[in-house]
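To start, the structure itself, in structure tokens.
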Protein chains: 2
Amino acid sequence: MDQLLDILKKNQLSITEGRKKILELFLKSPGALAHADIEKNTDASYDRVTVYRTLQTFVEKGIIHNIPTTDNSILYALCKDNCEAGHHHDNHVHFICDSCDKTICLDNVIIPEVKLPKGFKQKQIDVVISGICDECK
Amino acid sequence: MDQLLDILKKNQLSITEGRKKILELFLKSPGALAHADIEKNTDASYDRVTVYRTLQTFVEKGIIHNIPTTDNSILYALCKDNCEAGHHHDNHVHFICDSCDKTICLDNVIIPEVKLPKGFKQKQIDVVISGICDECK
DNA sequence: ATTTATTTGCAACATTATTGCAAATAATGT
DNA sequence: ACATTATTTGCAATAATGTTGCAAATAAAT
């Protein structure tokens, strides 16, 4: 029924106003969100600290994952079903639009295998592509 | 002869102690450097602000580029010859070792082409792989 | 409904980044 | 080599961002 409650319950999290609201933001958002986006979109009704802790909790539970950026910010996006607590498997491409500045998870674009030199062992791979998105073209 | 001066002159930059020292760090380093690394490796002989401005200048001139990270830090690494001012073409893989925490540019590993959905136009691609490097294996 | 566990917000603090401006240094022209 | 001009640096002040402890508020359990 209510997807929000479902996700929170599945992860054994207390149902609170803040968590519901922030999770809702992620469900509604097509792309990724930064801490600042969340503060803005909640009219600062939640303390800065609460937002930090909520995001941290969500990451730990595998509800969201963070996306690499080239500036000093952290972007978060919803994980798909195949993410479990502590183990993120988001092997999809992240796209940053130079025009509208949004970050989008391209869930359908699969990252090809990369052959590493001898001695290197891969655990995680992140692919970030920037350019113009389909809405700004 | 002196690679340092050569690079600075090519980019029409004044030759200063700080720029020489910081550029030298990059030339010596096998991997990427964060702001904090630079402060540490110069014994804080340069003001924090100077380091920020030097890095910014180097990025603008295409001497270094920044590498995406999932924490809120910025990593910088030397650009190869095919980088011009404002146009970075570092189509190689960046490797972050979970053990020694170093970031290494794998210049020989070429990034395979990724097919994007309709409407998306690629300008830049960054691939960051984490795991265990060849020295820590 | 009461107790217990968890979460929130405040305050204080720590770290990281940015800006203006005067002093110091580098480049330029003679 | 020296004076002039342009650039760069460091300091100070400020802003932005992230962290921690603790009491009050809220949610969950009995």
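Simple scheme: letters A, B, ... for chains in structure tokens order, numbers from 1 for residues in each chain, numbers from 1 for ligands in the order shown.
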Query raised in the report: What residues in chain C have any atom no more than 12 Å from chain B when counting only C-alpha atoms (C1' of nucleotides), and can you write them as a PyMOL selection string?
Result: chain C and resi 15-19+24-27
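Those residues that approach A:Val128 to within 8 Å, counting only C-alpha atoms (C1' of nucleotides), are Pro68, Val93, His94, Phe95, Ile96, Asp126 and Ser130 of chain A; Ile125, Asp126 and Val127 of chain B; same-chain residues fewer than 2 positions away are not listed.
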Take the residues from that selection and write them out as a PDB file, in the first residue's frame, keeping N, CA and C atoms.
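Printed below is part.pdb as written:
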```pdb
ATOM      1  N   PRO A  68      29.356   9.474  -6.839  1.00  0.00           N
ATOM      2  CA  PRO A  68      30.562  10.296  -6.873  1.00  0.00           C
ATOM      3  C   PRO A  68      30.347  11.614  -7.589  1.00  0.00           C
ATOM      4  N   VAL A  93      24.907   3.467 -14.600  1.00  0.00           N
ATOM      5  CA  VAL A  93      25.623   4.694 -14.932  1.00  0.00           C
ATOM      6  C   VAL A  93      24.914   5.908 -14.334  1.00  0.00           C
ATOM      7  N   HIS A  94      25.693   6.827 -13.821  1.00  0.00           N
ATOM      8  CA  HIS A  94      25.133   8.086 -13.348  1.00  0.00           C
ATOM      9  C   HIS A  94      25.417   9.185 -14.363  1.00  0.00           C
ATOM     10  N   PHE A  95      24.382   9.919 -14.655  1.00  0.00           N
ATOM     11  CA  PHE A  95      24.511  10.950 -15.676  1.00  0.00           C
ATOM     12  C   PHE A  95      24.283  12.333 -15.076  1.00  0.00           C
ATOM     13  N   ILE A  96      25.233  13.226 -15.319  1.00  0.00           N
ATOM     14  CA  ILE A  96      25.088  14.596 -14.837  1.00  0.00           C
ATOM     15  C   ILE A  96      24.874  15.516 -16.028  1.00  0.00           C
ATOM     16  N   ASP A 126      32.256   2.810 -10.311  1.00  0.00           N
ATOM     17  CA  ASP A 126      31.330   3.924 -10.492  1.00  0.00           C
ATOM     18  C   ASP A 126      31.602   4.587 -11.830  1.00  0.00           C
ATOM     19  N   SER A 130      28.964  12.898 -17.969  1.00  0.00           N
ATOM     20  CA  SER A 130      28.320  14.202 -18.018  1.00  0.00           C
ATOM     21  C   SER A 130      28.087  14.602 -19.464  1.00  0.00           C
TER      22      SER A 130
ATOM     23  N   ILE B 125      33.357  11.199 -19.489  1.00  0.00           N
ATOM     24  CA  ILE B 125      33.057   9.995 -18.725  1.00  0.00           C
ATOM     25  C   ILE B 125      34.142   9.781 -17.678  1.00  0.00           C
ATOM     26  N   ASP B 126      33.728   9.469 -16.488  1.00  0.00           N
ATOM     27  CA  ASP B 126      34.668   9.179 -15.413  1.00  0.00           C
ATOM     28  C   ASP B 126      34.381   7.800 -14.847  1.00  0.00           C
ATOM     29  N   VAL B 127      35.406   7.011 -14.756  1.00  0.00           N
ATOM     30  CA  VAL B 127      35.243   5.691 -14.172  1.00  0.00           C
ATOM     31  C   VAL B 127      36.140   5.581 -12.950  1.00  0.00           C
TER      32      VAL B 127
END
```
**Report entry** Nearby residues (only C-alpha atoms (C1' of nucleotides)) at most 12 Å from B:Leu23, same-chain spacing under 6 positions excluded, as a PyMOL selection string
**Finding:** chain B and resi 3-8+15-17+29+33+38+41-42+51+54-55+57-59+63-64+76-79
Put those residues in a file: C-alpha atoms, as a PDB file, in the first residue's frame.
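Wrote it out as again.pdb, contents follow:
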```
ATOM      1  CA  GLN B   3      59.658  19.955 -16.763  1.00  0.00           C
ATOM      2  CA  LEU B   4      58.191  22.114 -14.046  1.00  0.00           C
ATOM      3  CA  LEU B   5      59.078  25.430 -15.622  1.00  0.00           C
ATOM      4  CA  ASP B   6      58.100  24.086 -18.979  1.00  0.00           C
ATOM      5  CA  ILE B   7      54.568  23.308 -17.880  1.00  0.00           C
ATOM      6  CA  LEU B   8      54.116  26.594 -16.099  1.00  0.00           C
ATOM      7  CA  ILE B  15      56.775  31.086 -11.865  1.00  0.00           C
ATOM      8  CA  THR B  16      56.386  31.090  -8.109  1.00  0.00           C
ATOM      9  CA  GLU B  17      57.697  28.955  -5.308  1.00  0.00           C
ATOM     10  CA  SER B  29      52.924  11.335  -7.055  1.00  0.00           C
ATOM     11  CA  LEU B  33      46.079  14.245  -4.363  1.00  0.00           C
ATOM     12  CA  ILE B  38      49.146  18.999  -0.445  1.00  0.00           C
ATOM     13  CA  ASN B  41      53.369  17.477   1.960  1.00  0.00           C
ATOM     14  CA  THR B  42      54.392  21.096   1.898  1.00  0.00           C
ATOM     15  CA  VAL B  51      46.725  26.101  -2.177  1.00  0.00           C
ATOM     16  CA  THR B  54      46.778  27.237  -7.102  1.00  0.00           C
ATOM     17  CA  LEU B  55      44.667  24.133  -7.591  1.00  0.00           C
ATOM     18  CA  THR B  57      44.371  27.796 -11.532  1.00  0.00           C
ATOM     19  CA  PHE B  58      45.853  24.450 -12.495  1.00  0.00           C
ATOM     20  CA  VAL B  59      42.406  23.034 -13.224  1.00  0.00           C
ATOM     21  CA  ILE B  63      47.240  20.975 -15.914  1.00  0.00           C
ATOM     22  CA  ILE B  64      45.283  18.882 -13.456  1.00  0.00           C
ATOM     23  CA  TYR B  76      43.168  16.085  -8.281  1.00  0.00           C
ATOM     24  CA  ALA B  77      45.467  14.354 -10.720  1.00  0.00           C
ATOM     25  CA  LEU B  78      47.796  15.414 -13.492  1.00  0.00           C
ATOM     26  CA  CYS B  79      46.333  15.663 -16.933  1.00  0.00           C
TER      27      CYS B  79
END
```
Take chain B, lay it over chain A with a least-squares fit on all the Cα atoms in order, then hand it over as a PDB file with C-alpha atoms, in the first residue's frame.
```
ATOM      1  CA  MET B   1       0.363  -0.426  -0.140  1.00  0.00           C
ATOM      2  CA  ASP B   2       2.232   2.544   1.149  1.00  0.00           C
ATOM      3  CA  GLN B   3       5.646   2.173  -0.328  1.00  0.00           C
ATOM      4  CA  LEU B   4       7.152   4.574   2.155  1.00  0.00           C
ATOM      5  CA  LEU B   5       6.142   2.661   5.252  1.00  0.00           C
ATOM      6  CA  ASP B   6       7.041  -0.552   3.548  1.00  0.00           C
ATOM      7  CA  ILE B   7      10.622   0.507   2.966  1.00  0.00           C
ATOM      8  CA  LEU B   8      11.059   1.884   6.442  1.00  0.00           C
ATOM      9  CA  LYS B   9       9.571  -1.182   8.095  1.00  0.00           C
ATOM     10  CA  LYS B  10      11.596  -3.565   5.986  1.00  0.00           C
ATOM     11  CA  ASN B  11      14.683  -1.876   7.315  1.00  0.00           C
ATOM     12  CA  GLN B  12      13.508  -1.849  10.904  1.00  0.00           C
ATOM     13  CA  LEU B  13      13.425   1.883  11.171  1.00  0.00           C
ATOM     14  CA  SER B  14      11.083   3.884  13.351  1.00  0.00           C
ATOM     15  CA  ILE B  15       8.439   5.666  11.342  1.00  0.00           C
ATOM     16  CA  THR B  16       8.948   9.382  11.785  1.00  0.00           C
ATOM     17  CA  GLU B  17       7.775  12.452   9.962  1.00  0.00           C
ATOM     18  CA  GLY B  18      11.254  13.368   8.829  1.00  0.00           C
ATOM     19  CA  ARG B  19      12.155   9.979   7.461  1.00  0.00           C
ATOM     20  CA  LYS B  20       8.886   9.708   5.610  1.00  0.00           C
ATOM     21  CA  LYS B  21       9.262  13.129   4.079  1.00  0.00           C
ATOM     22  CA  ILE B  22      12.863  12.636   3.012  1.00  0.00           C
ATOM     23  CA  LEU B  23      12.248   9.189   1.621  1.00  0.00           C
ATOM     24  CA  GLU B  24       9.279  10.561  -0.267  1.00  0.00           C
ATOM     25  CA  LEU B  25      11.561  13.125  -1.871  1.00  0.00           C
ATOM     26  CA  PHE B  26      13.795  10.381  -3.157  1.00  0.00           C
ATOM     27  CA  LEU B  27      10.878   8.369  -4.483  1.00  0.00           C
ATOM     28  CA  LYS B  28       9.550  11.374  -6.332  1.00  0.00           C
ATOM     29  CA  SER B  29      12.874  12.565  -7.653  1.00  0.00           C
ATOM     30  CA  PRO B  30      14.061  11.280 -11.012  1.00  0.00           C
ATOM     31  CA  GLY B  31      17.671  11.871 -10.108  1.00  0.00           C
ATOM     32  CA  ALA B  32      19.996  12.286  -7.223  1.00  0.00           C
ATOM     33  CA  LEU B  33      19.737  14.671  -4.330  1.00  0.00           C
ATOM     34  CA  ALA B  34      22.284  16.556  -2.318  1.00  0.00           C
ATOM     35  CA  HIS B  35      21.934  17.505   1.293  1.00  0.00           C
ATOM     36  CA  ALA B  36      21.148  21.064   0.240  1.00  0.00           C
ATOM     37  CA  ASP B  37      18.339  19.906  -2.075  1.00  0.00           C
ATOM     38  CA  ILE B  38      16.694  18.123   0.786  1.00  0.00           C
ATOM     39  CA  GLU B  39      16.845  21.087   3.097  1.00  0.00           C
ATOM     40  CA  LYS B  40      15.350  23.238   0.388  1.00  0.00           C
ATOM     41  CA  ASN B  41      12.584  20.829  -0.526  1.00  0.00           C
ATOM     42  CA  THR B  42      11.480  20.390   3.044  1.00  0.00           C
ATOM     43  CA  ASP B  43      11.348  24.113   3.701  1.00  0.00           C
ATOM     44  CA  ALA B  44      13.987  23.617   6.338  1.00  0.00           C
ATOM     45  CA  SER B  45      11.360  22.121   8.583  1.00  0.00           C
ATOM     46  CA  TYR B  46      13.909  19.625   9.796  1.00  0.00           C
ATOM     47  CA  ASP B  47      17.114  20.457  11.496  1.00  0.00           C
ATOM     48  CA  ARG B  48      20.284  20.236   9.471  1.00  0.00           C
ATOM     49  CA  VAL B  49      21.532  17.613  11.878  1.00  0.00           C
ATOM     50  CA  THR B  50      18.436  15.495  11.425  1.00  0.00           C
ATOM     51  CA  VAL B  51      18.902  15.509   7.685  1.00  0.00           C
ATOM     52  CA  TYR B  52      22.511  14.431   8.040  1.00  0.00           C
ATOM     53  CA  ARG B  53      21.572  11.615  10.368  1.00  0.00           C
ATOM     54  CA  THR B  54      18.665  10.491   8.248  1.00  0.00           C
ATOM     55  CA  LEU B  55      20.828  10.288   5.146  1.00  0.00           C
ATOM     56  CA  GLN B  56      23.473   8.418   7.057  1.00  0.00           C
ATOM     57  CA  THR B  57      20.917   5.947   8.337  1.00  0.00           C
ATOM     58  CA  PHE B  58      19.478   5.424   4.876  1.00  0.00           C
ATOM     59  CA  VAL B  59      22.930   4.743   3.448  1.00  0.00           C
ATOM     60  CA  GLU B  60      23.712   2.278   6.223  1.00  0.00           C
ATOM     61  CA  LYS B  61      20.487   0.422   5.585  1.00  0.00           C
ATOM     62  CA  GLY B  62      21.049   0.350   1.859  1.00  0.00           C
ATOM     63  CA  ILE B  63      18.059   2.474   1.007  1.00  0.00           C
ATOM     64  CA  ILE B  64      20.140   5.086  -0.754  1.00  0.00           C
ATOM     65  CA  HIS B  65      23.695   5.163  -2.026  1.00  0.00           C
ATOM     66  CA  ASN B  66      26.018   7.987  -2.770  1.00  0.00           C
ATOM     67  CA  ILE B  67      27.308   8.983  -6.121  1.00  0.00           C
ATOM     68  CA  PRO B  68      30.801  10.251  -6.777  1.00  0.00           C
ATOM     69  CA  THR B  69      31.161  13.894  -7.721  1.00  0.00           C
ATOM     70  CA  THR B  70      34.110  16.018  -8.708  1.00  0.00           C
ATOM     71  CA  ASP B  71      33.137  18.943  -6.568  1.00  0.00           C
ATOM     72  CA  ASN B  72      33.038  18.659  -2.846  1.00  0.00           C
ATOM     73  CA  SER B  73      29.504  17.545  -2.464  1.00  0.00           C
ATOM     74  CA  ILE B  74      27.772  14.263  -1.848  1.00  0.00           C
ATOM     75  CA  LEU B  75      24.908  13.123  -4.004  1.00  0.00           C
ATOM     76  CA  TYR B  76      22.480  10.470  -2.900  1.00  0.00           C
ATOM     77  CA  ALA B  77      20.142   8.325  -4.940  1.00  0.00           C
ATOM     78  CA  LEU B  78      17.703   5.532  -4.249  1.00  0.00           C
ATOM     79  CA  CYS B  79      19.049   2.037  -4.369  1.00  0.00           C
ATOM     80  CA  LYS B  80      17.301  -0.612  -6.372  1.00  0.00           C
ATOM     81  CA  ASP B  81      16.163  -3.877  -4.840  1.00  0.00           C
ATOM     82  CA  ASN B  82      19.525  -5.513  -5.237  1.00  0.00           C
ATOM     83  CA  CYS B  83      21.076  -3.325  -2.597  1.00  0.00           C
ATOM     84  CA  GLU B  84      21.306  -4.750   0.869  1.00  0.00           C
ATOM     85  CA  ALA B  85      22.480  -3.100   4.033  1.00  0.00           C
ATOM     86  CA  GLY B  86      26.142  -2.383   3.708  1.00  0.00           C
ATOM     87  CA  HIS B  87      26.343  -3.843   0.231  1.00  0.00           C
ATOM     88  CA  HIS B  88      25.539  -1.588  -2.630  1.00  0.00           C
ATOM     89  CA  HIS B  89      25.322  -2.994  -6.112  1.00  0.00           C
ATOM     90  CA  ASP B  90      24.343  -0.054  -8.215  1.00  0.00           C
ATOM     91  CA  ASN B  91      25.943  -1.025 -11.450  1.00  0.00           C
ATOM     92  CA  HIS B  92      24.261   1.608 -13.501  1.00  0.00           C
ATOM     93  CA  VAL B  93      25.416   4.864 -14.996  1.00  0.00           C
ATOM     94  CA  HIS B  94      24.910   8.212 -13.331  1.00  0.00           C
ATOM     95  CA  PHE B  95      24.362  11.123 -15.626  1.00  0.00           C
ATOM     96  CA  ILE B  96      24.915  14.733 -14.640  1.00  0.00           C
ATOM     97  CA  CYS B  97      23.438  17.329 -16.948  1.00  0.00           C
ATOM     98  CA  ASP B  98      25.641  20.360 -17.472  1.00  0.00           C
ATOM     99  CA  SER B  99      22.610  22.404 -18.373  1.00  0.00           C
ATOM    100  CA  CYS B 100      19.929  21.694 -15.786  1.00  0.00           C
ATOM    101  CA  ASP B 101      22.450  20.368 -13.290  1.00  0.00           C
ATOM    102  CA  LYS B 102      20.349  17.344 -12.412  1.00  0.00           C
ATOM    103  CA  THR B 103      21.793  13.949 -11.748  1.00  0.00           C
ATOM    104  CA  ILE B 104      19.911  11.048 -13.226  1.00  0.00           C
ATOM    105  CA  CYS B 105      20.348   7.342 -12.675  1.00  0.00           C
ATOM    106  CA  LEU B 106      20.339   5.597 -16.040  1.00  0.00           C
ATOM    107  CA  ASP B 107      19.160   2.259 -14.753  1.00  0.00           C
ATOM    108  CA  ASN B 108      18.997   0.715 -18.187  1.00  0.00           C
ATOM    109  CA  VAL B 109      22.519   1.505 -19.191  1.00  0.00           C
ATOM    110  CA  ILE B 110      24.683  -1.326 -18.057  1.00  0.00           C
ATOM    111  CA  ILE B 111      28.282  -0.724 -17.240  1.00  0.00           C
ATOM    112  CA  PRO B 112      30.604  -2.788 -19.374  1.00  0.00           C
ATOM    113  CA  GLU B 113      33.247  -4.898 -17.698  1.00  0.00           C
ATOM    114  CA  VAL B 114      36.602  -3.260 -17.205  1.00  0.00           C
ATOM    115  CA  LYS B 115      39.721  -5.346 -17.183  1.00  0.00           C
ATOM    116  CA  LEU B 116      42.024  -4.321 -14.377  1.00  0.00           C
ATOM    117  CA  PRO B 117      45.791  -4.843 -14.203  1.00  0.00           C
ATOM    118  CA  LYS B 118      47.134  -7.843 -12.327  1.00  0.00           C
ATOM    119  CA  GLY B 119      46.721  -7.638  -8.589  1.00  0.00           C
ATOM    120  CA  PHE B 120      43.733  -5.354  -8.565  1.00  0.00           C
ATOM    121  CA  LYS B 121      40.436  -6.691  -7.303  1.00  0.00           C
ATOM    122  CA  GLN B 122      37.238  -4.872  -8.117  1.00  0.00           C
ATOM    123  CA  LYS B 123      34.484  -4.549  -5.590  1.00  0.00           C
ATOM    124  CA  GLN B 124      32.501  -1.613  -6.822  1.00  0.00           C
ATOM    125  CA  ILE B 125      32.382   0.449  -9.965  1.00  0.00           C
ATOM    126  CA  ASP B 126      30.896   3.886 -10.423  1.00  0.00           C
ATOM    127  CA  VAL B 127      30.438   5.537 -13.756  1.00  0.00           C
ATOM    128  CA  VAL B 128      29.531   9.182 -13.910  1.00  0.00           C
ATOM    129  CA  ILE B 129      28.892  10.762 -17.262  1.00  0.00           C
ATOM    130  CA  SER B 130      28.278  14.432 -17.734  1.00  0.00           C
ATOM    131  CA  GLY B 131      26.821  16.192 -20.712  1.00  0.00           C
ATOM    132  CA  ILE B 132      23.396  17.220 -21.884  1.00  0.00           C
ATOM    133  CA  CYS B 133      20.336  15.255 -20.818  1.00  0.00           C
ATOM    134  CA  ASP B 134      17.336  14.318 -22.918  1.00  0.00           C
ATOM    135  CA  GLU B 135      15.224  17.142 -21.571  1.00  0.00           C
ATOM    136  CA  CYS B 136      17.763  19.867 -22.230  1.00  0.00           C
ATOM    137  CA  LYS B 137      18.893  18.689 -25.647  1.00  0.00           C
TER     138      LYS B 137
END
```
Requested in this report: Compute the set of chain D residues within 12 Å of chain B, using only C-alpha atoms (C1' of nucleotides), and express it as a count of residues only.
Outcome: 9
Query - atom C1' of D:DT30 to atom C1' of C:DT2, distance in Å rounded to a single decimal - result: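 Distance reported for this atom pair: 8.7 Å.
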Report task. Calculate how many Å separate atom C1' of C:DA1 from atom C1' of D:DA24, rounding to one decimal. Result ->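 Calculated distance between atom C1' of C:DA1 and atom C1' of D:DA24 is 20.4 Å.
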Report task. Extract, using only C-alpha atoms (C1' of nucleotides), all DNA, RNA and protein residues at most 12 Å from D:DG21, discarding same-chain residues fewer than 6 positions from it, and format them as a VMD selection string. Result -> chain C and resid 10 to 13
Query raised in the report: What's the 12 Å shell around D:DA29, counting only C-alpha atoms (C1' of nucleotides), without same-chain residues fewer than 6 positions away, as JSON, numbers by chain?
Result: {"C": [2, 3, 4, 5, 6]}
Report summary line: atom C1' of C:DC21 to atom C1' of D:DA13 measures 11.4 Å
Query raised in the report: So which bits of chain A end up strand (DSSP E) when you DSSP the backbone, as number ranges by chain?
Result: A: 33-34, 64-67, 75-78, 92-97, 103-110, 121-132
Query - Contacts of D:DA3 within 12 Å, only C-alpha atoms (C1' of nucleotides), excl. fewer than 6 positions in-chain, as a PyMOL selection string - result: chain C and resi 28-30
Store the residues of this selection in a file with C-alpha atoms (C1' of nucleotides), as a PDB file, in the first residue's frame.
```pdb
ATOM      1  C1'  DT C  28      58.093  43.649 -18.249  1.00  0.00           C
ATOM      2  C1'  DG C  29      60.311  47.519 -20.494  1.00  0.00           C
ATOM      3  C1'  DT C  30      64.014  50.610 -20.601  1.00  0.00           C
TER       4       DT C  30
END
```
